[in-house]
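A.B. asks: If it helps, the file is called query_37.txt and holds compact mmCIF, C-alpha atoms and all ligand atoms:
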# COMPACT_ATOMS: atom_id res chain seq x y z
CA MET S 1 23.39 25.99 -236.15
CA LEU S 2 21.92 29.28 -237.30
CA GLU S 3 23.49 28.75 -240.71
CA MET S 4 21.89 25.32 -240.91
CA TRP S 5 18.54 26.84 -240.01
CA ARG S 6 18.93 29.60 -242.57
CA ARG S 7 19.68 27.04 -245.24
CA SER S 8 16.69 24.88 -244.36
CA VAL S 9 14.42 27.90 -244.15
CA ARG S 10 15.39 28.93 -247.67
CA PHE S 11 13.80 25.72 -248.90
CA LEU S 12 10.91 25.70 -246.49
CA LEU S 13 9.66 29.17 -247.09
CA ARG S 14 7.82 30.45 -250.09
CA PRO S 15 7.18 33.97 -248.91
CA LYS S 16 4.08 35.78 -250.04
CA TYR S 17 5.04 39.17 -248.75
CA GLY S 18 6.71 42.10 -250.55
CA ALA S 19 10.30 42.40 -249.39
CA MET S 20 10.58 38.73 -248.45
CA ARG S 21 9.28 37.56 -251.83
CA GLN S 22 11.67 39.96 -253.53
CA MET S 23 14.64 38.56 -251.59
CA PHE S 24 13.73 35.04 -252.56
CA ALA S 25 13.30 36.01 -256.18
CA GLU S 26 16.78 37.49 -256.05
CA GLY S 27 18.09 34.32 -254.43
CA LYS S 28 19.18 36.20 -251.31
CA GLU S 29 19.82 34.35 -248.08
CA MET S 30 17.00 34.93 -245.54
CA LYS S 31 17.91 35.60 -241.92
CA VAL S 32 15.56 35.42 -238.98
CA GLU S 33 15.70 39.22 -238.77
CA ASP S 34 14.08 39.33 -242.21
CA TYR S 35 10.88 37.79 -240.83
CA LEU S 36 10.61 40.04 -237.82
CA PRO S 37 8.89 42.99 -239.57
CA LYS S 38 6.23 40.68 -241.02
CA ILE S 39 5.71 38.98 -237.65
CA ALA S 40 5.51 42.39 -235.95
CA GLU S 41 2.94 43.53 -238.50
CA ASP S 42 0.85 40.37 -238.08
CA LEU S 43 0.94 40.59 -234.30
CA ARG S 44 0.39 44.36 -234.34
CA ILE S 45 3.49 45.32 -232.46
CA ASP S 46 6.16 47.82 -233.32
CA ALA S 47 8.85 46.22 -235.53
CA LYS S 48 11.62 48.03 -233.64
CA LYS S 49 10.28 46.74 -230.34
CA LEU S 50 10.18 43.16 -231.65
CA GLN S 51 13.75 43.46 -232.95
CA GLU S 52 14.86 44.75 -229.51
CA GLU S 53 13.15 41.87 -227.72
CA TYR S 54 14.72 39.43 -230.15
CA ASP S 55 18.15 40.95 -229.51
CA LYS S 56 17.54 40.66 -225.74
CA LYS S 57 16.54 37.00 -226.31
CA ASN S 58 13.07 37.57 -224.86
CA VAL S 59 11.89 36.32 -228.23
CA GLN S 60 13.88 33.23 -229.03
CA LEU S 61 14.50 31.23 -232.16
CA VAL S 62 13.97 27.49 -231.57
CA GLU S 63 15.56 25.26 -234.16
CA GLU S 64 15.18 21.79 -232.68
CA TYR S 65 11.72 21.15 -234.11
CA GLU S 66 11.45 20.25 -237.81
CA ILE S 67 9.82 23.62 -238.47
CA PRO S 68 11.80 26.44 -236.86
CA TYR S 69 9.80 28.80 -234.68
CA LEU S 70 10.05 32.03 -232.75
CA ARG S 71 8.93 31.77 -229.17
CA PHE S 72 7.86 34.69 -226.97
CA LYS S 73 9.46 34.01 -223.60
CA ARG S 74 7.83 37.15 -222.15
CA ASP S 75 4.82 39.31 -222.92
CA VAL S 76 5.70 41.83 -225.61
CA LYS S 77 3.01 44.54 -225.54
CA ASP S 78 -0.25 42.63 -226.08
CA VAL S 79 1.46 39.49 -227.31
CA GLN S 80 1.27 36.86 -224.58
CA GLU S 81 4.22 34.94 -223.28
CA GLY S 82 4.15 31.50 -224.90
CA THR S 83 3.11 32.82 -228.32
CA VAL S 84 4.78 30.92 -231.13
CA ALA S 85 5.38 31.89 -234.78
CA PHE S 86 6.24 28.86 -236.93
CA ILE S 87 8.25 29.75 -239.99
CA ASP S 88 6.69 27.33 -242.43
CA LYS S 89 5.49 27.88 -246.02
CA GLU S 90 3.74 30.81 -244.44
CA ILE S 91 4.09 32.11 -240.90
CA VAL S 92 1.69 30.23 -238.66
CA TYR S 93 0.89 31.59 -235.21
CA ALA S 94 -0.24 29.99 -232.00
CA ARG S 95 -1.07 32.74 -229.52
CA GLY S 96 -0.06 32.27 -225.91
CA PHE S 97 -2.67 31.26 -223.36
CA PRO S 98 -3.55 34.22 -221.13
CA LYS S 99 -3.29 34.36 -217.37
CA ILE S 100 -6.50 33.55 -215.50
CA ARG S 101 -7.06 35.76 -212.46
CA ARG S 102 -7.88 34.15 -209.15
CA ALA S 103 -10.71 34.89 -206.72
CA VAL S 104 -10.02 34.36 -203.03
CA ILE S 105 -13.43 35.62 -201.87
CA LEU S 106 -16.05 34.28 -204.24
CA GLU S 107 -19.10 36.34 -203.29
CA SER S 108 -17.64 39.83 -203.71
CA THR S 109 -15.38 38.90 -206.65
CA LEU S 110 -18.31 37.54 -208.67
CA LYS S 111 -20.32 40.68 -207.98
CA LYS S 112 -17.44 42.98 -208.85
CA GLN S 113 -15.87 41.18 -211.81
CA MET S 114 -18.68 39.32 -213.59
CA LYS S 115 -21.84 40.32 -215.42
CA ASP S 116 -25.03 38.55 -214.57
CA ARG S 117 -24.61 35.07 -216.15
CA PHE S 118 -21.52 32.92 -216.74
CA GLN S 119 -20.47 29.37 -217.50
CA VAL S 120 -18.71 27.30 -214.84
CA GLU S 121 -16.32 24.48 -215.77
CA GLU S 122 -14.13 22.13 -213.84
CA LYS S 123 -10.51 23.28 -213.45
CA LEU S 124 -8.35 20.23 -214.02
CA ASP S 125 -4.94 20.11 -212.42
CA GLY S 126 -2.43 19.23 -215.10
CA TYR S 127 -0.54 21.23 -217.70
CA ASN S 128 -1.78 23.55 -220.38
CA VAL S 129 -1.40 22.34 -223.96
CA ARG S 130 -2.37 24.20 -227.12
CA THR S 131 -2.90 22.03 -230.19
CA ILE S 132 -2.82 23.33 -233.74
CA PHE S 133 -2.59 21.70 -237.14
CA LEU S 134 0.60 22.34 -239.09
CA ASN S 135 1.12 19.52 -241.60
CA ASP S 136 0.13 17.37 -238.63
CA LEU S 137 -0.97 17.96 -235.03
CA VAL S 138 1.49 19.99 -232.97
CA CYS S 139 1.23 20.39 -229.19
CA ILE S 140 2.68 23.44 -227.52
CA THR S 141 3.26 23.87 -223.79
CA ARG S 142 2.35 27.03 -221.87
CA LYS S 143 5.83 28.49 -222.27
CA GLY S 144 5.73 28.05 -226.05
CA ILE S 145 7.73 24.88 -226.56
CA VAL S 146 6.66 22.14 -228.96
CA CYS S 147 6.53 18.98 -226.84
CA PRO S 148 7.14 15.77 -228.84
CA TYR S 149 5.95 13.56 -226.00
CA THR S 150 2.65 15.39 -225.56
CA THR S 151 2.18 15.61 -229.34
CA LYS S 152 2.53 11.86 -229.68
CA HIS S 153 -0.04 11.14 -226.96
CA VAL S 154 -2.52 13.81 -228.04
CA LYS S 155 -2.29 12.46 -231.59
CA SER S 156 -3.39 9.08 -230.35
CA ILE S 157 -6.45 10.78 -228.81
CA LEU S 158 -7.33 13.29 -231.58
CA GLY S 159 -5.59 11.75 -234.59
CA THR S 160 -8.71 10.77 -236.51
CA ASN S 161 -10.90 13.66 -235.36
CA GLN S 162 -12.27 15.83 -238.19
CA PHE S 163 -11.96 19.01 -236.13
CA PHE S 164 -8.79 20.39 -237.70
CA LYS S 165 -9.72 19.20 -241.18
CA GLU S 166 -12.77 21.43 -241.02
CA ASN S 167 -11.27 24.20 -238.82
CA PRO S 168 -7.56 24.50 -239.63
CA GLU S 169 -7.36 28.09 -238.30
CA LEU S 170 -8.54 27.13 -234.83
CA MET S 171 -6.49 26.12 -231.82
CA LEU S 172 -7.60 23.73 -229.10
CA CYS S 173 -6.54 24.64 -225.56
CA GLY S 174 -6.72 21.81 -223.09
CA GLU S 175 -5.28 20.31 -219.95
CA VAL S 176 -3.14 17.18 -219.93
CA VAL S 177 -3.62 15.15 -216.77
CA GLY S 178 -2.42 11.74 -215.64
CA LEU S 179 0.61 10.13 -214.11
CA GLN S 180 2.58 9.59 -217.30
CA ASN S 181 4.08 12.96 -218.07
CA PRO S 182 7.15 14.88 -217.03
CA TYR S 183 5.48 18.16 -216.06
CA GLN S 184 2.70 17.47 -213.60
CA THR S 185 1.67 14.12 -212.25
CA LYS S 186 -1.86 14.04 -210.99
CA SER S 187 -4.07 11.12 -211.81
CA TYR S 188 -7.82 11.33 -212.35
CA PRO S 189 -10.11 8.29 -212.40
CA GLU S 190 -11.08 9.14 -215.99
CA ALA S 191 -7.44 9.56 -217.08
CA LYS S 192 -5.08 7.61 -214.92
CA ASP S 193 -2.03 7.76 -217.19
CA PHE S 194 -2.68 10.37 -219.85
CA GLY S 195 -5.75 12.39 -220.78
CA TYR S 196 -6.32 15.58 -222.77
CA PHE S 197 -9.40 17.67 -221.99
CA VAL S 198 -10.31 20.74 -224.02
CA PHE S 199 -11.46 23.88 -222.20
CA ASP S 200 -11.13 26.62 -224.81
CA ILE S 201 -11.16 26.95 -228.59
CA LYS S 202 -9.38 29.97 -230.05
CA ASP S 203 -8.47 31.49 -233.36
CA ARG S 204 -4.80 30.54 -233.47
CA LYS S 205 -3.63 33.83 -234.98
CA SER S 206 -5.63 36.37 -232.94
CA GLY S 207 -5.94 34.25 -229.80
CA LYS S 208 -9.63 35.20 -229.59
CA SER S 209 -11.76 32.55 -227.89
CA LEU S 210 -15.02 31.30 -229.36
CA PRO S 211 -17.99 32.31 -227.16
CA SER S 212 -18.89 29.54 -224.75
CA ASP S 213 -22.08 28.43 -226.56
CA VAL S 214 -20.19 28.07 -229.87
CA LYS S 215 -17.42 26.19 -228.08
CA ASN S 216 -19.94 23.89 -226.39
CA ASP S 217 -21.53 23.12 -229.78
CA MET S 218 -18.14 22.33 -231.32
CA VAL S 219 -17.14 20.09 -228.43
CA LYS S 220 -20.39 18.19 -229.00
CA LYS S 221 -20.19 18.15 -232.80
CA TYR S 222 -16.64 16.74 -232.88
CA ALA S 223 -16.99 14.69 -229.68
CA LEU S 224 -13.88 16.40 -228.32
CA PRO S 225 -12.70 15.23 -224.91
CA SER S 226 -13.59 18.17 -222.70
CA VAL S 227 -13.48 19.39 -219.11
CA LYS S 228 -16.75 19.04 -217.23
CA ASN S 229 -19.21 21.86 -217.88
CA PHE S 230 -21.31 22.58 -214.78
CA GLY S 231 -23.59 24.93 -216.74
CA ILE S 232 -24.73 28.52 -216.38
CA PHE S 233 -24.74 30.34 -213.02
CA THR S 234 -25.35 33.92 -211.92
CA ILE S 235 -23.54 36.38 -209.66
CA ASP S 236 -25.91 35.42 -206.83
CA ASP S 237 -24.72 31.80 -206.87
CA SER S 238 -21.55 32.13 -204.80
CA GLY S 239 -22.97 29.91 -202.01
CA VAL S 240 -23.79 27.11 -204.46
CA LEU S 241 -20.35 27.40 -206.05
CA LEU S 242 -18.58 27.39 -202.67
CA ASP S 243 -20.40 24.15 -201.84
CA LEU S 244 -19.52 22.73 -205.24
CA VAL S 245 -15.82 23.50 -204.80
CA ARG S 246 -15.83 22.10 -201.28
CA THR S 247 -17.32 18.81 -202.56
CA MET S 248 -14.81 18.74 -205.41
CA GLY S 249 -12.00 19.14 -202.89
CA GLU S 250 -13.29 16.15 -200.94
CA ASP S 251 -13.12 14.18 -204.22
CA LYS S 252 -9.50 15.34 -204.66
CA ARG S 253 -10.47 17.63 -207.55
CA GLU S 254 -8.97 21.09 -207.89
CA GLY S 255 -11.78 23.58 -208.43
CA ILE S 256 -13.57 25.66 -211.05
CA VAL S 257 -13.06 28.25 -213.77
CA ILE S 258 -15.82 30.83 -214.16
CA LYS S 259 -16.16 32.18 -217.71
CA SER S 260 -18.22 35.07 -219.05
CA LEU S 261 -20.40 33.88 -221.93
CA ASP S 262 -18.42 35.94 -224.46
CA MET S 263 -15.18 34.60 -222.91
CA SER S 264 -13.80 38.07 -222.23
CA ARG S 265 -13.42 37.32 -218.50
CA GLN S 266 -12.30 34.25 -216.62
CA ILE S 267 -11.79 33.63 -212.92
CA LYS S 268 -10.34 30.58 -211.24
CA TYR S 269 -11.27 29.40 -207.76
CA THR S 270 -9.82 26.31 -206.11
CA SER S 271 -10.46 24.17 -203.05
CA ASN S 272 -8.44 24.31 -199.86
CA GLN S 273 -7.88 20.57 -200.16
CA SER S 274 -6.13 21.03 -203.52
CA THR S 275 -4.06 23.89 -202.08
CA ASN S 276 -2.96 21.49 -199.35
CA ASN S 277 -1.93 18.95 -201.98
CA ASP S 278 0.22 21.58 -203.70
CA LEU S 279 1.82 22.50 -200.38
CA ARG S 280 2.51 18.87 -199.48
CA TYR S 281 4.29 18.44 -202.79
CA ALA S 282 6.18 21.75 -202.74
CA PHE S 283 7.36 21.35 -199.14
CA LYS S 284 8.98 18.07 -200.09
CA PHE S 285 11.34 20.08 -202.30
CA PHE S 286 11.28 23.16 -200.10
CA PHE S 287 14.39 24.94 -201.37
CA ASP S 288 13.47 24.39 -205.03
CA TYR S 289 9.97 25.88 -204.78
CA GLY S 290 10.18 29.60 -204.19
CA GLN S 291 8.74 31.20 -201.09
CA PRO S 292 6.09 33.09 -203.15
CA PHE S 293 4.69 29.71 -204.28
CA MET S 294 4.06 28.74 -200.67
CA PHE S 295 2.89 32.17 -199.46
CA ARG S 296 0.29 32.54 -202.23
CA ARG S 297 -1.24 29.25 -201.20
CA LEU S 298 -1.41 30.20 -197.55
CA ILE S 299 -3.31 33.37 -198.49
CA ARG S 300 -5.83 31.31 -200.48
CA GLU S 301 -6.41 28.94 -197.60
CA ALA S 302 -6.99 31.72 -195.10
CA PHE S 303 -9.51 33.58 -197.23
CA GLN S 304 -11.42 30.41 -198.08
CA ALA S 305 -11.58 29.38 -194.43
CA TYR S 306 -12.95 32.86 -193.65
CA GLU S 307 -15.59 32.84 -196.42
CA LEU S 308 -16.76 29.35 -195.47
CA GLY S 309 -17.48 30.67 -191.96
CA LEU S 310 -15.95 27.58 -190.37
CA SER S 311 -16.77 26.71 -186.78
CA LYS S 312 -13.97 26.70 -184.19
CA GLU S 313 -13.62 22.91 -184.47
CA GLN S 314 -13.63 22.97 -188.28
CA LEU S 315 -11.05 25.74 -188.33
CA GLU S 316 -8.81 23.85 -185.93
CA LYS S 317 -9.12 20.76 -188.13
CA GLU S 318 -8.13 22.80 -191.23
CA ALA S 319 -5.19 24.33 -189.34
CA ASP S 320 -4.11 20.87 -188.33
CA GLU S 321 -4.24 19.64 -191.94
CA LEU S 322 -2.38 22.69 -193.18
CA GLY S 323 0.38 22.15 -190.62
CA ARG S 324 0.66 18.50 -191.67
CA SER S 325 0.96 19.50 -195.33
CA ILE S 326 3.90 21.72 -194.44
CA LEU S 327 5.83 20.02 -191.67
CA LEU S 328 5.49 16.33 -192.56
CA PRO S 329 7.00 16.45 -196.09
CA MET S 330 9.81 18.73 -194.88
CA VAL S 331 10.83 16.43 -192.06
CA GLU S 332 10.52 13.41 -194.36
CA THR S 333 12.94 15.07 -196.79
CA ILE S 334 15.42 16.04 -194.06
CA ARG S 335 15.35 12.50 -192.67
CA ALA S 336 15.93 10.97 -196.12
CA ILE S 337 18.88 13.24 -196.84
CA ALA S 338 20.31 12.64 -193.35
CA ASP S 339 20.14 8.91 -194.18
CA GLY S 340 22.18 9.55 -197.31
CA ARG S 341 19.27 9.21 -199.75
CA GLU S 342 18.53 11.76 -202.45
CA THR S 343 14.99 13.20 -202.49
CA THR S 344 13.70 12.94 -206.04
CA GLU S 345 10.45 12.84 -207.91
CA ASP S 346 9.98 9.57 -209.77
CA PHE S 347 7.61 9.05 -212.66
CA GLU S 348 7.11 6.94 -215.76
CA ILE S 349 6.47 7.89 -219.36
CA ALA S 350 5.23 5.62 -222.16
CA VAL S 351 7.09 6.19 -225.43
CA PRO S 352 7.13 4.56 -228.90
CA ASP S 353 10.68 3.25 -228.36
CA ALA S 354 13.76 3.74 -226.20
CA ASP S 355 15.40 6.20 -228.63
CA PHE S 356 12.34 8.47 -228.55
CA GLY S 357 12.48 8.32 -224.74
CA LYS S 358 16.16 9.22 -224.61
CA ALA S 359 15.70 12.07 -227.08
CA PHE S 360 12.81 13.35 -225.02
CA ILE S 361 14.77 13.31 -221.76
CA ALA S 362 17.56 15.18 -223.57
CA HIS S 363 14.92 17.72 -224.68
CA LEU S 364 13.81 18.14 -221.03
CA GLN S 365 17.41 18.58 -219.87
CA HIS S 366 17.85 21.21 -222.55
CA LEU S 367 14.85 23.04 -221.03
CA GLY S 368 16.56 23.00 -217.63
CA VAL S 369 14.71 20.04 -216.08
CA LYS S 370 17.21 17.89 -214.21
CA ALA S 371 15.92 14.46 -215.18
CA THR S 372 17.68 11.14 -215.69
CA ILE S 373 16.55 7.76 -216.98
CA GLU S 374 16.44 5.04 -214.31
CA LYS S 375 15.08 2.10 -216.25
CA VAL S 376 13.72 1.23 -219.68
CA SER S 377 11.29 -1.68 -219.92
CA GLU S 378 8.63 -3.15 -222.18
CA ARG S 379 5.13 -3.41 -220.77
CA ALA S 380 1.94 -4.43 -222.60
CA GLY S 381 3.50 -3.64 -225.99
CA GLN S 382 4.79 -0.24 -224.84
CA THR S 383 8.23 1.05 -223.95
CA VAL S 384 8.05 2.47 -220.44
CA ILE S 385 10.79 4.72 -219.15
CA LYS S 386 11.27 5.30 -215.45
CA VAL S 387 12.52 8.84 -214.89
CA LYS S 388 14.00 10.54 -211.83
CA ARG S 389 13.69 14.28 -211.48
CA HIS S 390 16.36 15.81 -209.29
CA TYR S 391 15.97 18.79 -206.98
CA PRO S 392 19.54 19.91 -206.33
CA SER S 393 18.81 23.00 -204.20
CA THR S 394 16.79 21.02 -201.66
CA ASN S 395 19.28 18.17 -201.52
CA ASP S 396 22.46 20.26 -201.46
CA LYS S 397 21.29 22.93 -199.02
CA THR S 398 19.71 20.44 -196.63
CA LYS S 399 22.88 18.40 -196.64
CA ALA S 400 24.94 21.52 -195.96
CA TYR S 401 22.73 22.46 -192.99
CA LEU S 402 22.92 18.90 -191.66
CA ASP S 403 26.69 19.23 -191.95
CA GLY S 404 26.68 22.34 -189.75
CA GLU S 405 26.52 25.24 -192.23
CA PHE S 406 24.83 28.45 -191.02
CA CYS S 407 21.22 28.87 -192.18
CA SER S 408 20.74 31.72 -194.69
CA GLU S 409 16.92 31.71 -194.78
P1 LIG U 1 -2.26 31.43 -214.86
O1 LIG U 1 -2.64 31.87 -213.49
O2 LIG U 1 -1.22 32.25 -215.51
O3 LIG U 1 -3.43 31.15 -215.74
P2 LIG U 1 -1.01 29.14 -213.62
O4 LIG U 1 -0.37 27.96 -214.26
O5 LIG U 1 -0.31 29.82 -212.54
O6 LIG U 1 -1.46 30.06 -214.80
P3 LIG U 1 -3.25 27.69 -212.74
O7 LIG U 1 -3.58 27.85 -211.31
O8 LIG U 1 -2.68 26.42 -213.20
O9 LIG U 1 -2.44 28.89 -213.12
O10 LIG U 1 -4.61 27.99 -213.57
C1 LIG U 1 -4.71 28.32 -214.91
C2 LIG U 1 -4.63 27.08 -215.77
O11 LIG U 1 -5.70 26.17 -215.46
C3 LIG U 1 -4.85 27.31 -217.24
O12 LIG U 1 -3.70 27.79 -217.86
C4 LIG U 1 -5.22 25.93 -217.74
O13 LIG U 1 -4.07 25.21 -218.12
C5 LIG U 1 -5.79 25.24 -216.52
N1 LIG U 1 -7.20 24.83 -216.67
C6 LIG U 1 -7.68 23.63 -216.24
N2 LIG U 1 -8.98 23.54 -216.48
C7 LIG U 1 -9.37 24.71 -217.08
C8 LIG U 1 -10.61 25.21 -217.57
N3 LIG U 1 -11.74 24.54 -217.48
N4 LIG U 1 -10.60 26.44 -218.13
C9 LIG U 1 -9.48 27.15 -218.22
N5 LIG U 1 -8.27 26.74 -217.76
C10 LIG U 1 -8.22 25.52 -217.20
Translate this file's structure into structure tokens.
C.D. replies:
Amino acid sequence: MLEMWRRSVRFLLRPKYGAMRQMFAEGKEMKVEDYLPKIAEDLRIDAKKLQEEYDKKNVQLVEEYEIPYLRFKRDVKDVQEGTVAFIDKEIVYARGFPKIRRAVILESTLKKQMKDRFQVEEKLDGYNVRTIFLNDLVCITRKGIVCPYTTKHVKSILGTNQFFKENPELMLCGEVVGLQNPYQTKSYPEAKDFGYFVFDIKDRKSGKSLPSDVKNDMVKKYALPSVKNFGIFTIDDSGVLLDLVRTMGEDKREGIVIKSLDMSRQIKYTSNQSTNNDLRYAFKFFFDYGQPFMFRRLIREAFQAYELGLSKEQLEKEADELGRSILLPMVETIRAIADGRETTEDFEIAVPDADFGKAFIAHLQHLGVKATIEKVSERAGQTVIKVKRHYPSTNDKTKAYLDGEFCSE
């Protein structure tokens, strides 16, 4: 495989840089190691360090996409996990999307972490997709994998947009939401099946975000689909924002992201209702979702209930809902498995044809997602594939306990 890649790279690459150009001129075979010093230089990390991380497979060569790329599976110094270096005619980067810190108490966190004014946007609950232009649109997931399924759908949304024609060095960061995807299935009224909403525009090589006013202007100029912008608030607005998030939760919406105007700081804050939704989902597959996933959410709920100053009755109602979100899905799963049924997550994806669908499921399996195709059908001129995602830990362990094994939790 590596040999095949090396051969194809020899034709793909016309290196501009010293040693690499020299090797090509001499007709020498290029190996991935030959690009590492240039990539290290571009990303401002030590070349030896990058080589070490590559040897440890923390930086991985991905050959399945038509243009081979290096993918950072972990942070390496200041280079974010999810960063990708495509080895095309030149090396093209897509910097990883940074972690957004979470507030659990809004009032004090705003005062401590933010300067006077900031922009507040809706936080959509889907999956993070960076889009760049590289011969054509390419969509990259948070972990730094090119996703053919997402690319195809985002192309149908942004395909004719002039944005990349006029700004080829920029990268759109957005959230995919809707029921038709294999990563996260939450529907919104404005995007029932598949929607892509931009929340950040960055320089693809440095990863630096455009300031929020420039981003807002670009979103308007190119009519980009975008997350809702609630406008500018100040550090004294925590009460207003708490109310806003509470109302969003009642509408089954996740919460907000608070962004300094120069985009150097971002804070996320989500509603208790959306935390409950996460718990309800995770407790259905309780042995597959780690305990930290659950514990983190309980902490959020408790601090929000405190800051809201809930009355005794309101608090009891929240406690009741929290208990339901935990116990009901667990018992439902145990009952299903006791009845001999497997607990799975079922979803549909719309694909150009059955072969694309099969190749995509194979791609997911390769990434470690245990998914199988249940049914392929044609609907309204589209090929629709019904997929089952399996959760083996939950099913196997539950069955073992039902069969009398000792509990190891
Ligand atoms: P992290 O905490 O590392 O950012 P996570 O996946 O654990 O990642 P989430 O709770 O999903 O964290 O929140 C961060 C994610 O929220 C972003 O990566 C982005 O995909 C998504 N998001 C949705 N709407 C927005 C928005 N308006 N601005 C920024 N991010 C948004």
A.B. asks: Would you mind telling me which residue in S:Glu342, S:Asp200, S:Asp136, S:Glu166 lies nearest to ligand LIG 1 (chain U) when using all atoms listed in the file?
C.D. replies: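 Smallest separation from ligand LIG 1 (chain U) among the options: S:Asp200.
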A.B. asks: Within 7 Å of ligand LIG 1 (chain U), counting all atoms listed in the file: which residues, as a list of chain:residue names?
C.D. replies: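 Listing the residues within 7 Å of ligand LIG 1 (chain U) gives S:Phe97, S:Pro98, S:Lys99, S:Ile100, S:Arg101, S:Glu121, S:Glu122, S:Lys123, S:Leu124, S:Asp125, S:Gly126, S:Tyr127, S:Asn128, S:Gly174, S:Glu175, S:Phe199, S:Asp200, S:Val227, S:Ile256, S:Val257, S:Lys268.
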A.B. asks: Could you check how far CA of Leu244 (chain S) sits from CA of Asp262 (chain S), in Å to one decimal?
C.D. replies: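 Here the two named atoms are 23.3 Å from each other.
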A.B. asks: Considering all atoms listed in the file, return as an MDAnalysis selection string whatever protein or nucleic-acid residues lie within 12 Å of Glu107 (chain S), sequence-local ones (same chain, fewer than 4 positions apart) excluded.
C.D. replies: chainID S and resid 103 111:114 234:242 269 303:304 306:308
A.B. asks: Can you work out which one of S:Gly404, S:Pro148, S:Gly96, S:Gly82 has the shortest atom-to-atom distance to Tyr65 (chain S), counting all atoms listed in the file?
C.D. replies: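 For Tyr65 (chain S), the nearest of the candidates is S:Pro148.
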A.B. asks: What is the distance, in Å and to one decimal place, between CA of Pro292 (chain S) and CA of Tyr391 (chain S)?
C.D. replies: 17.8 Å
A.B. asks: Can you tell me which residues surround Lys192 (chain S) at a distance of at most 8 Å, considering all atoms listed in the file, apart from same-chain residues fewer than 3 positions away, and format the answer as a VMD selection string?
C.D. replies: chain S and resid 177 to 179 187 to 189 195
A.B. asks: Distance CA of Glu53 (chain S)-CA of Leu367 (chain S), one decimal place?
C.D. replies: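 CA of Glu53 (chain S) sits 20.1 Å away from CA of Leu367 (chain S).
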A.B. asks: Of the candidates S:Asp78, S:Glu409, S:Glu52, S:Glu169, which one gets nearest to Gly290 (chain S) if we count all atoms listed in the file?
C.D. replies: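 The shortest atom-to-atom distance to Gly290 (chain S) comes from S:Glu409.
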A.B. asks: Calculated over only C-alpha atoms, which of the candidates S:Asn216, S:Val176, S:His390, S:Asp353 has the smallest distance to Arg341 (chain S)?
C.D. replies: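 Distance minimum relative to Arg341 (chain S) lands on S:His390.
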A.B. asks: S:Asp278, S:Asp55, S:Glu33, S:Asp46: which is nearest Pro329 (chain S), counting all atoms listed in the file?
C.D. replies: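 Using all atoms listed in the file, the shortest distance to Pro329 (chain S) belongs to S:Asp278.
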A.B. asks: Just want the 9 Å neighbourhood of Ala371 (chain S), counted on all atoms listed in the file, with same-chain residues fewer than 2 positions away dropped. Output as a list of chain:residue names.
C.D. replies: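 Everything that qualifies: S:Pro182, S:Ile361, S:Ala362, S:Leu364, S:Gln365, S:Gly368, S:Val369, S:Ile373, S:Val387, S:Lys388, S:Arg389, S:His390.
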A.B. asks: Can you spit out the residues from that selection as a tab-separated table (two decimals), in the coordinates of the input, using C-alpha atoms?
C.D. replies:
chain	number	residue	atom	x	y	z
S	182	PRO	CA	7.15	14.88	-217.03
S	361	ILE	CA	14.77	13.31	-221.76
S	362	ALA	CA	17.56	15.18	-223.57
S	364	LEU	CA	13.81	18.14	-221.03
S	365	GLN	CA	17.41	18.58	-219.87
S	368	GLY	CA	16.56	23.00	-217.63
S	369	VAL	CA	14.71	20.04	-216.08
S	373	ILE	CA	16.55	7.76	-216.98
S	387	VAL	CA	12.52	8.84	-214.89
S	388	LYS	CA	14.00	10.54	-211.83
S	389	ARG	CA	13.69	14.28	-211.48
S	390	HIS	CA	16.36	15.81	-209.29
A.B. asks: Write out as a PDB file with C-alpha atoms, in the coordinates of the input the residues lying within 12 Å of Gly340 (chain S), counting all atoms listed in the file and excluding same-chain residues fewer than 3 positions away.
C.D. replies:
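Once everything was written out, this is result_14.pdb:
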ATOM      1  CA  THR S 333      12.940  15.070-196.790  1.00  0.00           C
ATOM      2  CA  ILE S 334      15.420  16.040-194.060  1.00  0.00           C
ATOM      3  CA  ARG S 335      15.350  12.500-192.670  1.00  0.00           C
ATOM      4  CA  ALA S 336      15.930  10.970-196.120  1.00  0.00           C
ATOM      5  CA  ILE S 337      18.880  13.240-196.840  1.00  0.00           C
ATOM      6  CA  THR S 343      14.990  13.200-202.490  1.00  0.00           C
ATOM      7  CA  ASN S 395      19.280  18.170-201.520  1.00  0.00           C
ATOM      8  CA  ASP S 396      22.460  20.260-201.460  1.00  0.00           C
ATOM      9  CA  THR S 398      19.710  20.440-196.630  1.00  0.00           C
ATOM     10  CA  LYS S 399      22.880  18.400-196.640  1.00  0.00           C
ATOM     11  CA  LEU S 402      22.920  18.900-191.660  1.00  0.00           C
ATOM     12  CA  ASP S 403      26.690  19.230-191.950  1.00  0.00           C
TER      13      ASP S 403
END
